[in-house]
$ cat run-v2.cif   # mmCIF, C-alpha atoms
data_final
loop_
_atom_site.group_PDB
_atom_site.id
_atom_site.type_symbol
_atom_site.label_atom_id
_atom_site.label_comp_id
_atom_site.auth_asym_id
_atom_site.auth_seq_id
_atom_site.Cartn_x
_atom_site.Cartn_y
_atom_site.Cartn_z
ATOM 1 C CA MET G 208 0.000 0.000 0.000
ATOM 2 C CA PRO G 209 1.479 3.392 -0.946
ATOM 3 C CA SER G 210 2.292 5.933 1.709
ATOM 4 C CA VAL G 211 3.029 9.650 1.602
ATOM 5 C CA CYS G 212 5.975 11.399 3.237
ATOM 6 C CA THR G 213 6.987 15.045 2.943
ATOM 7 C CA CYS G 214 10.706 15.557 2.314
ATOM 8 C CA LEU G 215 12.215 18.813 3.567
ATOM 9 C CA TRP G 216 15.514 19.917 1.972
ATOM 10 C CA TYR G 217 17.848 21.802 4.306
ATOM 11 C CA PRO G 218 21.204 23.290 3.278
ATOM 12 C CA ALA G 219 22.465 21.963 6.647
ATOM 13 C CA GLY G 220 21.152 21.392 10.157
ATOM 14 C CA ALA G 221 18.384 18.936 9.247
ATOM 15 C CA GLU G 222 18.966 16.703 12.269
ATOM 16 C CA GLU G 223 18.932 19.643 14.681
ATOM 17 C CA ALA G 224 15.709 20.897 13.082
ATOM 18 C CA ALA G 225 14.018 17.480 13.247
ATOM 19 C CA GLN G 226 15.037 17.018 16.908
ATOM 20 C CA PHE G 227 13.602 20.442 17.692
ATOM 21 C CA TYR G 228 10.319 19.792 15.880
ATOM 22 C CA VAL G 229 9.636 16.443 17.569
ATOM 23 C CA GLY G 230 10.034 18.122 20.954
ATOM 24 C CA LEU G 231 7.165 20.508 20.204
ATOM 25 C CA LEU G 232 4.216 18.194 19.658
ATOM 26 C CA PRO G 233 2.883 14.948 21.125
ATOM 27 C CA ASP G 234 2.966 11.809 18.950
ATOM 28 C CA SER G 235 6.288 12.967 17.501
ATOM 29 C CA ARG G 236 9.640 11.178 17.376
ATOM 30 C CA ILE G 237 12.749 10.493 15.333
ATOM 31 C CA LEU G 238 12.337 7.230 13.422
ATOM 32 C CA LYS G 239 15.732 6.774 11.787
ATOM 33 C CA VAL G 240 18.912 8.699 11.040
ATOM 34 C CA HIS G 241 20.764 7.789 7.830
ATOM 35 C CA PRO G 242 24.490 8.688 7.605
ATOM 36 C CA MET G 243 26.085 10.380 4.598
ATOM 37 C CA HIS G 244 28.226 7.332 3.629
ATOM 38 C CA GLY G 245 31.254 9.240 2.432
ATOM 39 C CA VAL G 246 29.385 12.237 1.049
ATOM 40 C CA GLY G 247 29.691 15.736 2.499
ATOM 41 C CA ASN G 248 31.578 16.597 5.651
ATOM 42 C CA GLY G 249 30.783 13.311 7.389
ATOM 43 C CA GLU G 250 29.529 15.151 10.454
ATOM 44 C CA GLU G 251 25.871 15.515 9.546
ATOM 45 C CA PRO G 252 23.563 12.670 8.566
ATOM 46 C CA PHE G 253 22.026 12.658 5.093
ATOM 47 C CA LEU G 254 18.402 11.840 6.009
ATOM 48 C CA ILE G 255 16.406 12.013 9.208
ATOM 49 C CA GLU G 256 13.038 10.254 9.199
ATOM 50 C CA PHE G 257 10.612 11.539 11.809
ATOM 51 C CA LEU G 258 6.979 11.689 12.860
ATOM 52 C CA LEU G 259 5.398 15.007 13.701
ATOM 53 C CA LYS G 260 2.011 14.588 15.377
ATOM 54 C CA GLY G 261 1.789 11.202 13.674
ATOM 55 C CA GLN G 262 2.625 12.549 10.183
ATOM 56 C CA ARG G 263 5.740 11.255 8.465
ATOM 57 C CA TYR G 264 8.524 13.592 7.296
ATOM 58 C CA THR G 265 12.071 13.240 6.039
ATOM 59 C CA ALA G 266 14.606 16.002 6.654
ATOM 60 C CA MET G 267 17.534 15.994 4.242
ATOM 61 C CA ASN G 268 20.893 17.732 4.481
ATOM 62 C CA GLY G 269 20.940 18.448 0.760
ATOM 63 C CA GLY G 270 23.405 21.313 0.537
ATOM 64 C CA PRO G 271 22.934 24.859 -0.731
ATOM 65 C CA HIS G 272 21.288 24.023 -4.073
ATOM 66 C CA TYR G 273 17.698 24.660 -2.949
ATOM 67 C CA ARG G 274 16.067 26.711 -0.208
ATOM 68 C CA LEU G 275 12.867 26.273 1.740
ATOM 69 C CA THR G 276 10.198 28.820 0.824
ATOM 70 C CA PRO G 277 6.894 30.049 2.313
ATOM 71 C CA ALA G 278 5.172 28.559 -0.745
ATOM 72 C CA VAL G 279 5.101 25.351 1.336
ATOM 73 C CA SER G 280 4.313 25.426 5.036
ATOM 74 C CA ILE G 281 3.321 23.114 7.850
ATOM 75 C CA GLN G 282 0.042 24.101 9.460
ATOM 76 C CA ILE G 283 -0.507 23.359 13.138
ATOM 77 C CA MET G 284 -4.036 23.656 14.480
ATOM 78 C CA ALA G 285 -3.695 25.009 18.025
ATOM 79 C CA GLU G 286 -6.320 24.263 20.661
ATOM 80 C CA ASP G 287 -6.292 27.690 22.303
ATOM 81 C CA GLN G 288 -4.354 30.946 22.654
ATOM 82 C CA ALA G 289 -1.900 29.414 25.121
ATOM 83 C CA GLU G 290 -0.942 26.778 22.563
ATOM 84 C CA VAL G 291 -0.703 29.408 19.799
ATOM 85 C CA ASP G 292 1.607 31.434 22.052
ATOM 86 C CA ARG G 293 3.798 28.439 23.008
ATOM 87 C CA LEU G 294 4.253 27.214 19.450
ATOM 88 C CA TRP G 295 4.732 30.717 18.044
ATOM 89 C CA SER G 296 7.391 31.526 20.621
ATOM 90 C CA ALA G 297 9.307 28.296 20.042
ATOM 91 C CA LEU G 298 9.154 28.284 16.247
ATOM 92 C CA SER G 299 9.771 31.986 15.677
ATOM 93 C CA ASP G 300 12.845 32.046 17.962
ATOM 94 C CA GLY G 301 15.682 32.767 15.548
ATOM 95 C CA GLY G 302 13.232 32.918 12.658
ATOM 96 C CA ALA G 303 10.899 35.608 11.379
ATOM 97 C CA PRO G 304 7.216 36.382 11.830
ATOM 98 C CA LEU G 305 5.173 36.666 8.671
ATOM 99 C CA ARG G 306 1.502 37.650 8.371
ATOM 100 C CA CYS G 307 -1.783 35.916 9.125
ATOM 101 C CA GLY G 308 -0.344 33.335 11.526
ATOM 102 C CA TRP G 309 2.641 32.401 9.356
ATOM 103 C CA LEU G 310 6.265 32.377 10.469
ATOM 104 C CA THR G 311 9.598 31.081 9.270
ATOM 105 C CA ASP G 312 11.726 29.155 11.757
ATOM 106 C CA ARG G 313 15.502 29.471 12.182
ATOM 107 C CA TRP G 314 16.091 26.804 9.503
ATOM 108 C CA GLY G 315 13.858 28.533 6.960
ATOM 109 C CA LEU G 316 10.824 26.231 7.203
ATOM 110 C CA SER G 317 7.488 28.054 7.119
ATOM 111 C CA TRP G 318 4.715 27.282 9.578
ATOM 112 C CA GLN G 319 1.138 28.385 10.082
ATOM 113 C CA ILE G 320 -0.012 28.443 13.702
ATOM 114 C CA VAL G 321 -3.798 28.486 13.461
ATOM 115 C CA PRO G 322 -6.237 28.446 16.379
ATOM 116 C CA ASP G 323 -8.907 25.734 16.047
ATOM 117 C CA ILE G 324 -11.598 28.387 16.142
ATOM 118 C CA LEU G 325 -10.516 30.125 12.915
ATOM 119 C CA PRO G 326 -12.026 27.618 10.441
ATOM 120 C CA ARG G 327 -15.297 27.686 12.411
ATOM 121 C CA LEU G 328 -15.410 31.486 12.291
ATOM 122 C CA LEU G 329 -14.662 31.527 8.565
ATOM 123 C CA ALA G 330 -17.350 28.897 7.959
ATOM 124 C CA GLU G 331 -19.934 31.442 9.144
ATOM 125 C CA GLY G 332 -19.442 33.086 5.760
ATOM 126 C CA GLY G 333 -20.697 36.496 4.726
ATOM 127 C CA ALA G 334 -19.972 39.529 6.866
ATOM 128 C CA VAL G 335 -18.672 37.465 9.805
ATOM 129 C CA ALA G 336 -15.985 35.775 7.690
ATOM 130 C CA ALA G 337 -15.116 39.096 6.038
ATOM 131 C CA ARG G 338 -14.588 40.804 9.417
ATOM 132 C CA VAL G 339 -12.501 37.905 10.706
ATOM 133 C CA LEU G 340 -10.318 37.898 7.574
ATOM 134 C CA LEU G 341 -9.880 41.663 7.707
ATOM 135 C CA THR G 342 -8.827 41.447 11.370
ATOM 136 C CA MET G 343 -6.470 38.542 10.676
ATOM 137 C CA GLN G 344 -4.692 40.434 7.881
ATOM 138 C CA ASP G 345 -3.311 42.910 10.417
ATOM 139 C CA MET G 346 -1.837 40.163 12.626
ATOM 140 C CA ALA G 347 1.399 38.225 12.620
ATOM 141 C CA LYS G 348 0.632 35.818 15.497
ATOM 142 C CA LEU G 349 -3.104 35.140 15.539
ATOM 143 C CA ASP G 350 -5.047 36.461 18.535
ATOM 144 C CA VAL G 351 -8.059 34.291 19.385
ATOM 145 C CA ALA G 352 -9.850 36.989 21.406
ATOM 146 C CA ALA G 353 -9.475 39.556 18.612
ATOM 147 C CA LEU G 354 -10.742 37.089 15.997
ATOM 148 C CA GLU G 355 -13.739 36.195 18.174
ATOM 149 C CA ALA G 356 -14.455 39.888 18.797
ATOM 150 C CA ALA G 357 -14.377 40.578 15.056
ATOM 151 C CA ALA G 358 -16.857 37.766 14.488
ATOM 152 C CA GLN G 359 -19.206 39.190 17.142
ATOM 153 C CA GLU G 360 -19.189 42.791 15.897
ATOM 154 C CA PRO G 361 -22.677 43.941 15.009
ATOM 155 C CA ALA G 362 -23.387 44.367 11.319
ATOM 156 C CA ILE G 363 -23.518 47.950 10.111
ATOM 157 C CA PRO G 364 -26.973 48.661 8.636
#
$ encode --input "run-v2.cif" --output "structure tokens"
Amino acid sequence: MPSVCTCLWYPAGAEEAAQFYVGLLPDSRILKVHPMHGVGNGEEPFLIEFLLKGQRYTAMNGGPHYRLTPAVSIQIMAEDQAEVDRLWSALSDGGAPLRCGWLTDRWGLSWQIVPDILPRLLAEGGAVAARVLLTMQDMAKLDVAALEAAAQEPAIP
């Protein structure tokens, strides 16, 4: 039976990144580390297989040929504001905040830290979804209370 695994190409530091990621979420662990076998500097492994919240990934020390880009990101659905804050703080340390809940970590991987409530608010559609989206556009880290307040604003007649 086929399976799917996302491969992440790092110029260097893939093992450090994978170790960091698996420490952030439950149901996460390193599965296997594959050495370079005479390629590269011999200090860093070539591939690191890991699970992140039960999803399979491979981190590869591939050299400087390609770079990670925000065109691909990992989205984490956070239970509440405390979890948004914890994940945002950990992942943005040494990285850079972007907009609308996106950030880039210190290795260049992009993440979206999204509170569970956001899809429910957007599913309201119409003016509610428009207000929530407008509010979200002004944020880097998403603020649950501000998103909920935007959803509750009375409609202007």
$ resolve_selection --input "run-v2.cif" --expression "the PyMOL selection byres ((chain G and resi 216) around 9)" --output "PyMOL selection string"
chain G and resi 214-215+217-219+221+265-270+273-275
$ write_last_selection --input "run-v2.cif" --atoms "C-alpha atoms" --output "PDB file, in the frame of the given file"
ATOM      1  CA  CYS G 214      10.706  15.557   2.314  1.00  0.00           C
ATOM      2  CA  LEU G 215      12.215  18.813   3.567  1.00  0.00           C
ATOM      3  CA  TYR G 217      17.848  21.802   4.306  1.00  0.00           C
ATOM      4  CA  PRO G 218      21.204  23.290   3.278  1.00  0.00           C
ATOM      5  CA  ALA G 219      22.465  21.963   6.647  1.00  0.00           C
ATOM      6  CA  ALA G 221      18.384  18.936   9.247  1.00  0.00           C
ATOM      7  CA  THR G 265      12.071  13.240   6.039  1.00  0.00           C
ATOM      8  CA  ALA G 266      14.606  16.002   6.654  1.00  0.00           C
ATOM      9  CA  MET G 267      17.534  15.994   4.242  1.00  0.00           C
ATOM     10  CA  ASN G 268      20.893  17.732   4.481  1.00  0.00           C
ATOM     11  CA  GLY G 269      20.940  18.448   0.760  1.00  0.00           C
ATOM     12  CA  GLY G 270      23.405  21.313   0.537  1.00  0.00           C
ATOM     13  CA  TYR G 273      17.698  24.660  -2.949  1.00  0.00           C
ATOM     14  CA  ARG G 274      16.067  26.711  -0.208  1.00  0.00           C
ATOM     15  CA  LEU G 275      12.867  26.273   1.740  1.00  0.00           C
TER      16      LEU G 275
END
$ resolve_selection --input "run-v2.cif" --expression "the PyMOL selection byres ((chain G and resi 314-320) around 7)" --output "list in words"
Ala224, Leu275, Thr276, Pro277, Val279, Ser280, Ile281, Gln282, Ile283, Met284, Ala285, Val291, Trp295, Gly308, Trp309, Leu310, Thr311, Asp312, Arg313, Val321 and Pro322 of chain G
$ closest_atom_pairs --input "run-v2.cif" --of "stretch 247-330 of chain G" --to "stretch 337-352 of chain G" --cutoff "6 Å" --atoms "all atoms listed in the file" --output "Markdown table"
| residue | atom | partner | partner_atom | distance |
| --- | --- | --- | --- | --- |
| G:Gln288 | CA | G:Val351 | CA | 6.0 |
| G:Leu305 | CA | G:Ala347 | CA | 5.7 |
| G:Arg306 | CA | G:Ala347 | CA | 4.3 |
| G:Cys307 | CA | G:Ala347 | CA | 5.3 |
| G:Gly308 | CA | G:Lys348 | CA | 4.8 |
$ closest_residue --input "run-v2.cif" --among "G:Ala358, G:Ile255, G:Glu290, G:Val211" --to "G:Gly333" --atoms "all atoms listed in the file"
G:Ala358
$ closest_residue --input "run-v2.cif" --among "G:Gln262, G:His272, G:Thr213, G:Phe253" --to "G:Asp234" --atoms "all atoms listed in the file"
G:Gln262
$ atom_distance --input "run-v2.cif" --atom1 "atom CA of G:Ser235" --atom2 "atom CA of G:Glu256"
11.0 Å
$ closest_residue --input "run-v2.cif" --among "G:Ser210, G:Ala336, G:Leu232, G:Gly220" --to "G:Ala297" --atoms "all atoms listed in the file"
G:Leu232
$ resolve_selection --input "run-v2.cif" --expression "the PyMOL selection byres ((chain G and resi 230) around 12)" --output "PyMOL selection string"
chain G and resi 223-229+231-237+257-260+294+297-298
$ atom_distance --input "run-v2.cif" --atom1 "atom CA of G:Gly261" --atom2 "atom CA of G:Pro209"
16.6 Å
$ atom_distance --input "run-v2.cif" --atom1 "atom CA of G:Glu286" --atom2 "atom CA of G:Gly301"
24.1 Å
$ closest_residue --input "run-v2.cif" --among "G:Glu222, G:Ile324, G:Ala278, G:Val335" --to "G:Leu254" --atoms "all atoms listed in the file"
G:Glu222
$ build_atoms --input "run-v2.cif" --residues "stretch 288-321 of chain G" --atoms "N, CA and C atoms" --output "PDB file, in the coordinates of the input"
ATOM      1  N   GLN G 288      -5.361  29.887  22.761  1.00  0.00           N
ATOM      2  CA  GLN G 288      -4.354  30.946  22.654  1.00  0.00           C
ATOM      3  C   GLN G 288      -3.049  30.555  23.332  1.00  0.00           C
ATOM      4  N   ALA G 289      -3.129  29.834  24.436  1.00  0.00           N
ATOM      5  CA  ALA G 289      -1.900  29.414  25.121  1.00  0.00           C
ATOM      6  C   ALA G 289      -1.044  28.532  24.212  1.00  0.00           C
ATOM      7  N   GLU G 290      -1.691  27.641  23.475  1.00  0.00           N
ATOM      8  CA  GLU G 290      -0.942  26.778  22.563  1.00  0.00           C
ATOM      9  C   GLU G 290      -0.407  27.570  21.371  1.00  0.00           C
ATOM     10  N   VAL G 291      -1.193  28.515  20.858  1.00  0.00           N
ATOM     11  CA  VAL G 291      -0.703  29.408  19.799  1.00  0.00           C
ATOM     12  C   VAL G 291       0.555  30.119  20.291  1.00  0.00           C
ATOM     13  N   ASP G 292       0.480  30.682  21.493  1.00  0.00           N
ATOM     14  CA  ASP G 292       1.607  31.434  22.052  1.00  0.00           C
ATOM     15  C   ASP G 292       2.848  30.558  22.223  1.00  0.00           C
ATOM     16  N   ARG G 293       2.670  29.348  22.768  1.00  0.00           N
ATOM     17  CA  ARG G 293       3.798  28.439  23.008  1.00  0.00           C
ATOM     18  C   ARG G 293       4.481  28.053  21.696  1.00  0.00           C
ATOM     19  N   LEU G 294       3.685  27.637  20.731  1.00  0.00           N
ATOM     20  CA  LEU G 294       4.253  27.214  19.450  1.00  0.00           C
ATOM     21  C   LEU G 294       4.879  28.382  18.698  1.00  0.00           C
ATOM     22  N   TRP G 295       4.209  29.527  18.733  1.00  0.00           N
ATOM     23  CA  TRP G 295       4.732  30.717  18.044  1.00  0.00           C
ATOM     24  C   TRP G 295       6.084  31.116  18.631  1.00  0.00           C
ATOM     25  N   SER G 296       6.156  31.135  19.949  1.00  0.00           N
ATOM     26  CA  SER G 296       7.391  31.526  20.621  1.00  0.00           C
ATOM     27  C   SER G 296       8.533  30.571  20.262  1.00  0.00           C
ATOM     28  N   ALA G 297       8.260  29.283  20.320  1.00  0.00           N
ATOM     29  CA  ALA G 297       9.307  28.296  20.042  1.00  0.00           C
ATOM     30  C   ALA G 297       9.757  28.340  18.585  1.00  0.00           C
ATOM     31  N   LEU G 298       8.807  28.368  17.667  1.00  0.00           N
ATOM     32  CA  LEU G 298       9.154  28.284  16.247  1.00  0.00           C
ATOM     33  C   LEU G 298       9.707  29.584  15.677  1.00  0.00           C
ATOM     34  N   SER G 299       9.282  30.710  16.217  1.00  0.00           N
ATOM     35  CA  SER G 299       9.771  31.986  15.677  1.00  0.00           C
ATOM     36  C   SER G 299      11.120  32.393  16.267  1.00  0.00           C
ATOM     37  N   ASP G 300      11.560  31.726  17.348  1.00  0.00           N
ATOM     38  CA  ASP G 300      12.845  32.046  17.962  1.00  0.00           C
ATOM     39  C   ASP G 300      13.972  31.804  16.955  1.00  0.00           C
ATOM     40  N   GLY G 301      14.625  32.867  16.547  1.00  0.00           N
ATOM     41  CA  GLY G 301      15.682  32.767  15.548  1.00  0.00           C
ATOM     42  C   GLY G 301      15.165  32.804  14.124  1.00  0.00           C
ATOM     43  N   GLY G 302      13.850  32.856  13.983  1.00  0.00           N
ATOM     44  CA  GLY G 302      13.232  32.918  12.658  1.00  0.00           C
ATOM     45  C   GLY G 302      12.634  34.287  12.426  1.00  0.00           C
ATOM     46  N   ALA G 303      11.522  34.324  11.704  1.00  0.00           N
ATOM     47  CA  ALA G 303      10.899  35.608  11.379  1.00  0.00           C
ATOM     48  C   ALA G 303       9.383  35.464  11.317  1.00  0.00           C
ATOM     49  N   PRO G 304       8.670  36.404  11.952  1.00  0.00           N
ATOM     50  CA  PRO G 304       7.216  36.382  11.830  1.00  0.00           C
ATOM     51  C   PRO G 304       6.808  36.828  10.429  1.00  0.00           C
ATOM     52  N   LEU G 305       5.760  36.236   9.930  1.00  0.00           N
ATOM     53  CA  LEU G 305       5.173  36.666   8.671  1.00  0.00           C
ATOM     54  C   LEU G 305       3.777  37.198   9.004  1.00  0.00           C
ATOM     55  N   ARG G 306       2.847  37.135   8.104  1.00  0.00           N
ATOM     56  CA  ARG G 306       1.502  37.650   8.371  1.00  0.00           C
ATOM     57  C   ARG G 306       0.498  36.508   8.468  1.00  0.00           C
ATOM     58  N   CYS G 307      -0.626  36.821   9.093  1.00  0.00           N
ATOM     59  CA  CYS G 307      -1.783  35.916   9.125  1.00  0.00           C
ATOM     60  C   CYS G 307      -1.475  34.571   9.771  1.00  0.00           C
ATOM     61  N   GLY G 308      -0.643  34.568  10.814  1.00  0.00           N
ATOM     62  CA  GLY G 308      -0.344  33.335  11.526  1.00  0.00           C
ATOM     63  C   GLY G 308       0.827  32.547  10.964  1.00  0.00           C
ATOM     64  N   TRP G 309       1.503  33.082   9.966  1.00  0.00           N
ATOM     65  CA  TRP G 309       2.641  32.401   9.356  1.00  0.00           C
ATOM     66  C   TRP G 309       3.936  32.900   9.987  1.00  0.00           C
ATOM     67  N   LEU G 310       4.924  32.012  10.023  1.00  0.00           N
ATOM     68  CA  LEU G 310       6.265  32.377  10.469  1.00  0.00           C
ATOM     69  C   LEU G 310       7.263  31.475   9.770  1.00  0.00           C
ATOM     70  N   THR G 311       8.502  31.899   9.781  1.00  0.00           N
ATOM     71  CA  THR G 311       9.598  31.081   9.270  1.00  0.00           C
ATOM     72  C   THR G 311      10.518  30.787  10.443  1.00  0.00           C
ATOM     73  N   ASP G 312      10.858  29.507  10.633  1.00  0.00           N
ATOM     74  CA  ASP G 312      11.726  29.155  11.757  1.00  0.00           C
ATOM     75  C   ASP G 312      13.193  29.424  11.420  1.00  0.00           C
ATOM     76  N   ARG G 313      14.076  29.148  12.359  1.00  0.00           N
ATOM     77  CA  ARG G 313      15.502  29.471  12.182  1.00  0.00           C
ATOM     78  C   ARG G 313      16.175  28.675  11.070  1.00  0.00           C
ATOM     79  N   TRP G 314      15.537  27.594  10.603  1.00  0.00           N
ATOM     80  CA  TRP G 314      16.091  26.804   9.503  1.00  0.00           C
ATOM     81  C   TRP G 314      15.456  27.168   8.159  1.00  0.00           C
ATOM     82  N   GLY G 315      14.492  28.087   8.198  1.00  0.00           N
ATOM     83  CA  GLY G 315      13.858  28.533   6.960  1.00  0.00           C
ATOM     84  C   GLY G 315      12.550  27.852   6.619  1.00  0.00           C
ATOM     85  N   LEU G 316      12.098  26.907   7.458  1.00  0.00           N
ATOM     86  CA  LEU G 316      10.824  26.231   7.203  1.00  0.00           C
ATOM     87  C   LEU G 316       9.672  27.130   7.636  1.00  0.00           C
ATOM     88  N   SER G 317       8.652  27.216   6.813  1.00  0.00           N
ATOM     89  CA  SER G 317       7.488  28.054   7.119  1.00  0.00           C
ATOM     90  C   SER G 317       6.408  27.236   7.817  1.00  0.00           C
ATOM     91  N   TRP G 318       5.763  27.890   8.762  1.00  0.00           N
ATOM     92  CA  TRP G 318       4.715  27.282   9.578  1.00  0.00           C
ATOM     93  C   TRP G 318       3.515  28.208   9.611  1.00  0.00           C
ATOM     94  N   GLN G 319       2.348  27.629   9.789  1.00  0.00           N
ATOM     95  CA  GLN G 319       1.138  28.385  10.082  1.00  0.00           C
ATOM     96  C   GLN G 319       0.636  27.893  11.437  1.00  0.00           C
ATOM     97  N   ILE G 320       0.515  28.795  12.386  1.00  0.00           N
ATOM     98  CA  ILE G 320      -0.012  28.443  13.702  1.00  0.00           C
ATOM     99  C   ILE G 320      -1.434  28.999  13.748  1.00  0.00           C
ATOM    100  N   VAL G 321      -2.401  28.103  13.654  1.00  0.00           N
ATOM    101  CA  VAL G 321      -3.798  28.486  13.461  1.00  0.00           C
ATOM    102  C   VAL G 321      -4.640  27.998  14.638  1.00  0.00           C
TER     103      VAL G 321
END
